[in-house]
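Trainee: Contents of input-v4.txt (compact mmCIF, C-alpha atoms) are given next:
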# COMPACT_ATOMS: atom_id res chain seq x y z
CA MET A 1 168.07 132.08 -206.48
CA PRO A 2 166.35 131.65 -203.11
CA GLU A 3 166.07 134.85 -201.04
CA ASN A 4 165.66 135.46 -197.31
CA ALA A 5 161.87 135.29 -197.56
CA ASP A 6 162.19 131.88 -199.22
CA SER A 7 164.38 130.60 -196.39
CA ARG A 8 161.90 131.91 -193.81
CA CYS A 9 159.04 130.08 -195.52
CA MET A 10 161.02 126.86 -195.74
CA GLU A 11 162.10 127.16 -192.12
CA ARG A 12 158.42 127.34 -191.16
CA ALA A 13 157.69 124.20 -193.20
CA ILE A 14 160.57 122.38 -191.50
CA GLU A 15 159.35 123.54 -188.07
CA LEU A 16 155.87 122.17 -188.84
CA SER A 17 157.34 118.85 -190.00
CA LEU A 18 159.20 118.50 -186.68
CA GLU A 19 156.10 119.44 -184.67
CA ASN A 20 154.10 116.84 -186.60
CA VAL A 21 156.48 114.02 -185.64
CA ARG A 22 156.64 115.14 -182.01
CA ALA A 23 152.84 115.43 -181.73
CA GLY A 24 152.40 111.99 -183.33
CA ARG A 25 149.97 113.40 -185.88
CA GLY A 26 151.67 111.96 -188.96
CA GLY A 27 154.76 111.64 -191.09
CA PRO A 28 157.72 114.08 -191.04
CA PHE A 29 156.38 116.24 -193.84
CA ALA A 30 154.99 119.78 -193.99
CA ALA A 31 154.41 122.49 -196.59
CA VAL A 32 153.46 126.14 -196.80
CA VAL A 33 152.10 128.29 -199.63
CA ALA A 34 153.24 131.90 -199.81
CA LYS A 35 152.33 134.88 -201.95
CA ASN A 36 154.88 137.69 -202.21
CA GLY A 37 156.85 136.10 -199.38
CA GLU A 38 153.84 135.98 -197.03
CA ILE A 39 152.51 132.61 -195.88
CA ILE A 40 148.83 132.12 -196.76
CA ALA A 41 148.48 128.42 -195.91
CA GLU A 42 150.40 125.81 -193.98
CA ALA A 43 149.90 122.11 -193.37
CA ALA A 44 151.55 118.94 -192.16
CA ASN A 45 150.95 115.38 -193.27
CA CYS A 46 147.84 114.00 -191.56
CA VAL A 47 147.22 110.71 -193.41
CA THR A 48 146.97 108.49 -190.33
CA ALA A 49 145.36 111.12 -188.08
CA THR A 50 142.50 111.74 -190.52
CA ASN A 51 142.34 108.35 -192.31
CA ASP A 52 142.90 110.16 -195.60
CA PRO A 53 145.60 108.75 -197.89
CA THR A 54 145.54 112.00 -199.90
CA ALA A 55 146.29 114.19 -196.85
CA HIS A 56 149.92 114.79 -197.75
CA ALA A 57 151.24 118.18 -196.63
CA GLU A 58 151.33 119.63 -200.14
CA ILE A 59 147.76 118.57 -200.95
CA VAL A 60 146.37 119.98 -197.70
CA ALA A 61 148.33 123.25 -198.10
CA ILE A 62 147.23 123.66 -201.74
CA ARG A 63 143.57 123.05 -200.83
CA GLU A 64 143.76 125.54 -197.96
CA ALA A 65 145.53 128.20 -200.03
CA CYS A 66 143.04 127.87 -202.90
CA HIS A 67 140.17 128.07 -200.41
CA LYS A 68 141.61 131.33 -199.04
CA LEU A 69 142.24 132.78 -202.50
CA GLY A 70 138.77 131.70 -203.69
CA TYR A 71 140.30 130.29 -206.85
CA PHE A 72 141.37 126.85 -208.07
CA GLU A 73 144.85 127.94 -209.10
CA LEU A 74 147.82 129.29 -207.12
CA THR A 75 148.74 131.97 -209.63
CA GLY A 76 151.80 133.94 -208.47
CA CYS A 77 152.23 131.79 -205.35
CA ASP A 78 155.21 129.70 -204.25
CA LEU A 79 155.05 126.30 -202.53
CA TYR A 80 157.64 125.35 -199.92
CA THR A 81 157.67 121.67 -199.03
CA SER A 82 159.95 120.02 -196.50
CA CYS A 83 160.42 117.10 -198.92
CA GLU A 84 160.48 116.58 -202.68
CA PRO A 85 156.85 115.85 -203.71
CA CYS A 86 155.54 112.34 -204.39
CA PRO A 87 153.83 111.75 -207.77
CA MET A 88 150.37 112.52 -206.32
CA CYS A 89 151.55 115.86 -204.93
CA LEU A 90 153.54 116.68 -208.06
CA GLY A 91 150.37 116.12 -210.08
CA ALA A 92 148.44 118.40 -207.71
CA ILE A 93 151.16 121.04 -208.08
CA TYR A 94 150.81 120.99 -211.86
CA TRP A 95 147.04 121.38 -211.61
CA ALA A 96 147.43 124.23 -209.08
CA ARG A 97 150.13 125.94 -211.14
CA PRO A 98 152.23 127.80 -208.51
CA ALA A 99 155.09 129.94 -209.85
CA ARG A 100 157.86 128.00 -208.07
CA VAL A 101 158.33 124.97 -205.82
CA PHE A 102 161.05 124.84 -203.15
CA TYR A 103 161.89 121.51 -201.52
CA ALA A 104 164.30 120.52 -198.72
CA ASN A 105 164.66 116.74 -198.21
CA THR A 106 165.02 114.75 -201.41
CA ALA A 107 163.06 111.71 -202.61
CA ALA A 108 166.17 109.64 -201.83
CA ASP A 109 166.14 110.96 -198.24
CA ALA A 110 162.47 109.90 -197.95
CA ALA A 111 163.21 106.45 -199.37
CA ALA A 112 166.01 106.05 -196.80
CA ILE A 113 163.48 106.35 -193.95
CA GLY A 114 160.93 104.03 -195.56
CA PHE A 115 158.75 106.31 -197.73
CA ASP A 116 159.40 104.85 -201.13
CA ASP A 117 157.76 107.25 -203.55
CA ALA A 118 160.23 105.83 -206.09
CA PHE A 119 157.99 102.79 -206.47
CA ILE A 120 155.04 104.97 -207.51
CA TYR A 121 157.26 107.00 -209.85
CA SER A 122 158.35 103.75 -211.54
CA GLU A 123 154.75 102.50 -211.79
CA ILE A 124 153.58 105.72 -213.45
CA LYS A 125 156.14 105.23 -216.19
CA ARG A 126 154.94 101.70 -216.97
CA PRO A 127 152.20 100.85 -219.52
CA LEU A 128 148.79 100.32 -217.89
CA ALA A 129 148.81 96.58 -218.52
CA ASP A 130 152.14 96.14 -216.69
CA ARG A 131 151.23 97.93 -213.45
CA THR A 132 151.06 96.29 -210.02
CA ILE A 133 147.48 97.50 -209.44
CA PRO A 134 145.45 96.08 -212.35
CA MET A 135 143.94 98.78 -214.58
CA ILE A 136 141.05 97.37 -216.58
CA PRO A 137 139.20 99.11 -219.45
CA LEU A 138 135.39 99.00 -219.22
CA LEU A 139 132.44 100.66 -221.04
CA ARG A 140 134.44 103.33 -222.88
CA GLU A 141 131.72 103.78 -225.53
CA LYS A 142 129.10 104.64 -222.88
CA ALA A 143 131.43 107.02 -221.04
CA LEU A 144 132.26 109.00 -224.18
CA ALA A 145 128.71 110.44 -224.02
CA ALA A 146 129.73 112.69 -221.10
CA PHE A 147 132.78 113.90 -223.00
CA ARG A 148 130.62 114.73 -226.01
CA GLU A 149 128.16 116.68 -223.81
CA TRP A 150 131.07 118.58 -222.20
CA GLN A 151 132.46 119.47 -225.62
CA ALA A 152 129.05 120.68 -226.85
CA LYS A 153 128.30 122.69 -223.68
CA THR A 154 128.58 126.41 -224.29
CA ASP A 155 128.37 127.70 -220.68
CA LYS A 156 131.02 125.51 -219.06
CA ALA A 157 133.77 126.67 -216.65
CA PRO A 158 137.03 125.46 -218.20
CA TYR A 159 140.00 124.63 -215.98
CA MET B 1 137.54 89.82 -216.41
CA PRO B 2 134.86 92.41 -215.54
CA GLU B 3 131.62 90.93 -214.17
CA ASN B 4 128.07 92.29 -214.04
CA ALA B 5 128.70 94.02 -210.72
CA ASP B 6 131.69 95.79 -212.27
CA SER B 7 129.56 97.05 -215.15
CA ARG B 8 126.88 98.28 -212.74
CA CYS B 9 129.48 100.24 -210.76
CA MET B 10 130.96 101.76 -213.90
CA GLU B 11 127.51 102.63 -215.22
CA ARG B 12 126.89 104.57 -212.01
CA ALA B 13 130.19 106.44 -212.46
CA ILE B 14 129.26 107.30 -216.04
CA GLU B 15 125.79 108.44 -214.92
CA LEU B 16 127.38 110.75 -212.32
CA SER B 17 129.78 112.17 -214.91
CA LEU B 18 126.85 113.06 -217.17
CA GLU B 19 124.88 114.60 -214.29
CA ASN B 20 127.95 116.68 -213.38
CA VAL B 21 128.16 118.21 -216.85
CA ARG B 22 124.40 118.86 -217.01
CA ALA B 23 124.37 120.47 -213.53
CA GLY B 24 127.39 122.63 -214.43
CA ARG B 25 129.22 121.53 -211.30
CA GLY B 26 132.46 120.52 -213.02
CA GLY B 27 134.22 118.44 -215.64
CA PRO B 28 132.83 115.25 -217.21
CA PHE B 29 134.46 112.94 -214.69
CA ALA B 30 133.13 110.75 -211.89
CA ALA B 31 134.25 107.77 -209.84
CA VAL B 32 132.87 105.25 -207.37
CA VAL B 33 134.53 102.96 -204.84
CA ALA B 34 132.97 99.55 -204.23
CA LYS B 35 133.61 96.70 -201.83
CA ASN B 36 132.34 93.25 -202.81
CA GLY B 37 130.38 94.84 -205.64
CA GLU B 38 128.60 97.33 -203.34
CA ILE B 39 129.23 101.06 -203.80
CA ILE B 40 130.55 102.70 -200.63
CA ALA B 41 131.49 106.12 -202.05
CA GLU B 42 130.79 108.13 -205.17
CA ALA B 43 131.96 111.50 -206.43
CA ALA B 44 132.15 113.75 -209.44
CA ASN B 45 134.81 116.30 -210.33
CA CYS B 46 134.18 119.53 -208.40
CA VAL B 47 137.37 121.56 -209.04
CA THR B 48 135.65 124.73 -210.19
CA ALA B 49 132.60 124.42 -207.92
CA THR B 50 134.74 124.15 -204.77
CA ASN B 51 137.87 126.06 -205.89
CA ASP B 52 139.93 122.96 -205.14
CA PRO B 53 142.38 121.84 -207.85
CA THR B 54 142.70 118.46 -206.10
CA ALA B 55 138.94 117.76 -206.23
CA HIS B 56 139.13 115.27 -209.07
CA ALA B 57 136.51 112.54 -208.89
CA GLU B 58 138.96 109.80 -207.87
CA ILE B 59 140.48 111.89 -205.04
CA VAL B 60 137.06 112.84 -203.64
CA ALA B 61 135.78 109.25 -203.89
CA ILE B 62 138.92 107.82 -202.23
CA ARG B 63 138.70 110.35 -199.38
CA GLU B 64 135.02 109.59 -198.85
CA ALA B 65 135.51 105.81 -198.97
CA CYS B 66 138.42 105.93 -196.49
CA HIS B 67 136.36 108.16 -194.21
CA LYS B 68 133.55 105.58 -194.24
CA LEU B 69 135.93 102.66 -193.69
CA GLY B 70 137.77 104.54 -190.94
CA TYR B 71 141.09 103.56 -192.47
CA PHE B 72 143.61 105.22 -194.76
CA GLU B 73 143.75 102.35 -197.25
CA LEU B 74 141.12 100.81 -199.55
CA THR B 75 142.07 97.21 -198.86
CA GLY B 76 139.88 94.83 -200.88
CA CYS B 77 138.03 97.67 -202.63
CA ASP B 78 137.74 98.44 -206.33
CA LEU B 79 137.75 101.90 -207.92
CA TYR B 80 135.63 102.63 -211.01
CA THR B 81 136.52 105.86 -212.76
CA SER B 82 134.80 107.21 -215.86
CA CYS B 83 138.24 108.22 -217.23
CA GLU B 84 141.81 106.95 -216.98
CA PRO B 85 143.36 108.70 -213.94
CA CYS B 86 145.67 111.73 -214.23
CA PRO B 87 149.09 111.46 -212.50
CA MET B 88 147.75 113.06 -209.28
CA CYS B 89 144.91 110.55 -209.06
CA LEU B 90 147.15 107.64 -210.05
CA GLY B 91 149.47 108.61 -207.20
CA ALA B 92 146.50 108.76 -204.81
CA ILE B 93 145.40 105.31 -206.02
CA TYR B 94 148.82 103.86 -205.21
CA TRP B 95 148.74 105.36 -201.72
CA ALA B 96 145.16 104.07 -201.17
CA ARG B 97 146.00 100.61 -202.55
CA PRO B 98 142.63 99.39 -203.95
CA ALA B 99 142.61 95.86 -205.37
CA ARG B 100 141.67 96.90 -208.92
CA VAL B 101 140.99 100.02 -210.98
CA PHE B 102 138.45 100.07 -213.81
CA TYR B 103 138.43 103.00 -216.24
CA ALA B 104 136.18 103.91 -219.18
CA ASN B 105 137.38 106.91 -221.23
CA THR B 106 141.11 106.89 -222.00
CA ALA B 107 143.72 109.60 -221.42
CA ALA B 108 143.68 110.15 -225.19
CA ASP B 109 139.89 110.72 -225.08
CA ALA B 110 140.45 113.32 -222.32
CA ALA B 111 143.20 115.04 -224.30
CA ALA B 112 140.87 115.23 -227.31
CA ILE B 113 138.40 117.40 -225.32
CA GLY B 114 141.10 119.62 -223.83
CA PHE B 115 142.20 117.89 -220.61
CA ASP B 116 145.80 117.24 -221.36
CA ASP B 117 147.04 115.05 -218.53
CA ALA B 118 149.72 113.91 -220.99
CA PHE B 119 151.63 117.14 -220.30
CA ILE B 120 151.83 116.31 -216.58
CA TYR B 121 152.79 112.70 -217.33
CA SER B 122 155.66 113.97 -219.50
CA GLU B 123 156.76 116.50 -216.82
CA ILE B 124 156.88 113.77 -214.13
CA LYS B 125 159.32 111.79 -216.25
CA ARG B 126 161.71 114.74 -216.63
CA PRO B 127 164.59 115.52 -214.22
CA LEU B 128 163.65 118.18 -211.65
CA ALA B 129 165.90 120.80 -213.23
CA ASP B 130 164.20 120.46 -216.62
CA ARG B 131 160.60 120.89 -215.48
CA THR B 132 158.30 123.75 -216.52
CA ILE B 133 157.54 124.68 -212.90
CA PRO B 134 160.95 125.43 -211.32
CA MET B 135 161.84 123.02 -208.49
CA ILE B 136 164.50 124.55 -206.28
CA PRO B 137 166.43 122.76 -203.47
CA LEU B 138 166.60 124.68 -200.17
CA LEU B 139 167.74 123.92 -196.58
CA ARG B 140 168.01 120.14 -196.92
CA GLU B 141 170.38 119.85 -193.95
CA LYS B 142 167.87 121.52 -191.62
CA ALA B 143 164.96 119.43 -192.89
CA LEU B 144 166.77 116.15 -192.32
CA ALA B 145 166.30 116.69 -188.57
CA ALA B 146 162.60 115.77 -188.88
CA PHE B 147 163.48 112.63 -190.80
CA ARG B 148 165.98 111.62 -188.11
CA GLU B 149 163.36 112.17 -185.37
CA TRP B 150 160.84 110.10 -187.32
CA GLN B 151 163.34 107.29 -187.71
CA ALA B 152 164.19 107.32 -183.98
CA LYS B 153 160.53 107.49 -182.87
CA THR B 154 159.38 104.19 -181.40
CA ASP B 155 155.61 104.84 -181.14
CA LYS B 156 154.92 106.08 -184.68
CA ALA B 157 152.01 105.00 -186.90
CA PRO B 158 153.65 103.78 -190.13
CA TYR B 159 151.75 104.06 -193.43
Please re-express this file's structure in structure tokens.

Mentor:
Amino acid sequence: MPENADSRCMERAIELSLENVRAGRGGPFAAVVAKNGEIIAEAANCVTATNDPTAHAEIVAIREACHKLGYFELTGCDLYTSCEPCPMCLGAIYWARPARVFYANTAADAAAIGFDDAFIYSEIKRPLADRTIPMIPLLREKALAAFREWQAKTDKAPY
Amino acid sequence: MPENADSRCMERAIELSLENVRAGRGGPFAAVVAKNGEIIAEAANCVTATNDPTAHAEIVAIREACHKLGYFELTGCDLYTSCEPCPMCLGAIYWARPARVFYANTAADAAAIGFDDAFIYSEIKRPLADRTIPMIPLLREKALAAFREWQAKTDKAPY
């Protein structure tokens, strides 16, 4: 169950999402990362402001939090996002491995104002050959060499 | 059908993936973005080297290419990745909207050396309540305010 600290973190994310719209910096989305109820990173969507299609609030907040922690995982941290994550951000969340994710607006709410993450969710579920963006296999045999070297490497940093 | 220029771009991605393993900078993954057969951005996975769980080759290459183009979409560009994209990178690809994606190693090849994107793909398909990382709704009514402001805003930059 969400506690007071969770509500405070989410309220901060919502505040940032409002500020972002008012400042004209980007879409109505923001996120914060907290550890033990204390915010360690916060971010708002800055796709158009930075010409970076990956600069969704969750991605920017995860990158910032990991930078502060000096580690590539968010062990024991919680993510508070003002909207249910898109597939890109959900993927990033799974790689970052926070303990819990809180979200406010739903994907349906986002679709209702023109952000149709549902399209990407449906594409991800389709076989590669049926996707809207063509995905074409090329030179697999050559590329396997790097995988073999990785597997044989004894001093690698797994992740 | 892939042409010679496509093979050259993929060969460069494969070369970068090998260099990345040998230099110990990160996993055996690399990607390049090309426009009209000319490479405009290239990157290798640097998750562990930069403590950034989002620093997959495709994400870094997309960010770099958009930075160079000064735009948040990869209109008319092609992406060449040494391995089939994980869900995070596939999401980023859909937001960046390149014309085509070429991949070499498959998701099954990646799973065979310990990178199990398949787990994330299966999680994405599950209802929120059934996912391994808990996803908890919180303060939706408050967050909707930012969506309403976005909808009412007349001078926004849509994306």

Trainee: Considering only C-alpha atoms, tabulate each residue of chain B that lies at most 7 Å from chain A along with its nearest interatomic pair and the corresponding distance in Å to one decimal; arrange the rows by chain and ascending residue number and present them as a tab-separated table.

Mentor:
residue	atom	partner	partner_atom	distance
B:Ile14	CA	A:Ala143	CA	5.5
B:Ser17	CA	A:Ala146	CA	6.2
B:Leu18	CA	A:Ala146	CA	4.9
B:Val21	CA	A:Trp150	CA	6.1
B:Gly24	CA	A:Lys156	CA	6.6
B:Pro28	CA	A:Ala146	CA	5.6
B:Val47	CA	A:Phe72	CA	6.7
B:Thr48	CA	A:Phe72	CA	6.5
B:Asn51	CA	A:Phe72	CA	4.2
B:Asp52	CA	A:Phe72	CA	5.1
B:Pro53	CA	A:Phe72	CA	5.1
B:Thr54	CA	A:Ala92	CA	6.0
B:Arg63	CA	A:Asp52	CA	5.7
B:Cys66	CA	A:Asn51	CA	6.2
B:His67	CA	A:Asn51	CA	6.3
B:Gly70	CA	A:Asn51	CA	6.1
B:Tyr71	CA	A:Asn51	CA	5.0
B:Phe72	CA	A:Asn51	CA	4.2
B:Glu73	CA	A:Pro53	CA	6.7
B:Ser82	CA	A:Ala143	CA	6.2
B:Pro87	CA	A:Gly91	CA	5.4
B:Met88	CA	A:Met88	CA	4.0
B:Cys89	CA	A:Met88	CA	6.4
B:Leu90	CA	A:Met88	CA	6.9
B:Gly91	CA	A:Met88	CA	4.1
B:Ala92	CA	A:Met88	CA	5.6
B:Tyr94	CA	A:Ile120	CA	6.7
B:Trp95	CA	A:Pro53	CA	6.0
B:Ala96	CA	A:Pro53	CA	5.7
B:Ala99	CA	A:Ile133	CA	6.6
B:Arg100	CA	A:Pro134	CA	5.2
B:Val101	CA	A:Met135	CA	4.8
B:Phe102	CA	A:Ile136	CA	4.7
B:Tyr103	CA	A:Pro137	CA	5.1
B:Ala104	CA	A:Arg140	CA	4.1
B:Asn105	CA	A:Arg140	CA	4.9
B:Ile113	CA	A:Gln151	CA	6.3
B:Ile120	CA	A:Gly91	CA	6.7
B:Ile133	CA	A:Arg100	CA	5.9
B:Pro134	CA	A:Arg100	CA	5.2
B:Met135	CA	A:Val101	CA	4.8
B:Ile136	CA	A:Phe102	CA	4.7
B:Pro137	CA	A:Tyr103	CA	5.1
B:Leu138	CA	A:Ala104	CA	5.0
B:Leu139	CA	A:Ala104	CA	5.3
B:Arg140	CA	A:Ala104	CA	4.1
B:Ala143	CA	A:Ile14	CA	5.5
B:Leu144	CA	A:Asn105	CA	6.3
B:Ala146	CA	A:Leu18	CA	4.9
B:Phe147	CA	A:Pro28	CA	5.9
B:Trp150	CA	A:Val21	CA	6.1
B:Gln151	CA	A:Ile113	CA	6.3
B:Lys156	CA	A:Gly24	CA	6.6

Trainee: Grab the atom CA of Val32 of chain B to atom CA of Cys9 of chain B distance for me, in Å with one decimal place.

Mentor: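 That distance, rounded to one decimal, is 6.9 Å.
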
Trainee: In Å, how far is it from atom CA of Thr75 of chain B to atom CA of Ala31 of chain B?

Mentor: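 These two atoms are separated by 17.1 Å.
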
Trainee: Could you tell me how far atom CA of Glu58 of chain B sits from atom CA of Val33 of chain B, in Å to one decimal place?

Mentor: 8.7 Å

Trainee: Centre and edge lengths of an axis-aligned box around all listed atoms of segment 123-126 of chain A, with 3 Å added on each side, are to be given in Å to one decimal, as AutoDock Vina command-line options.

Mentor:
--center_x 154.9 --center_y 103.7 --center_z -214.4 --size_x 8.6 --size_y 10.0 --size_z 11.2

Trainee: Taking only C-alpha atoms into account, which of A:Ala111, A:Asp116, A:Ile39, A:Gly76 comes nearest Arg12 of chain A?

Mentor: A:Ile39
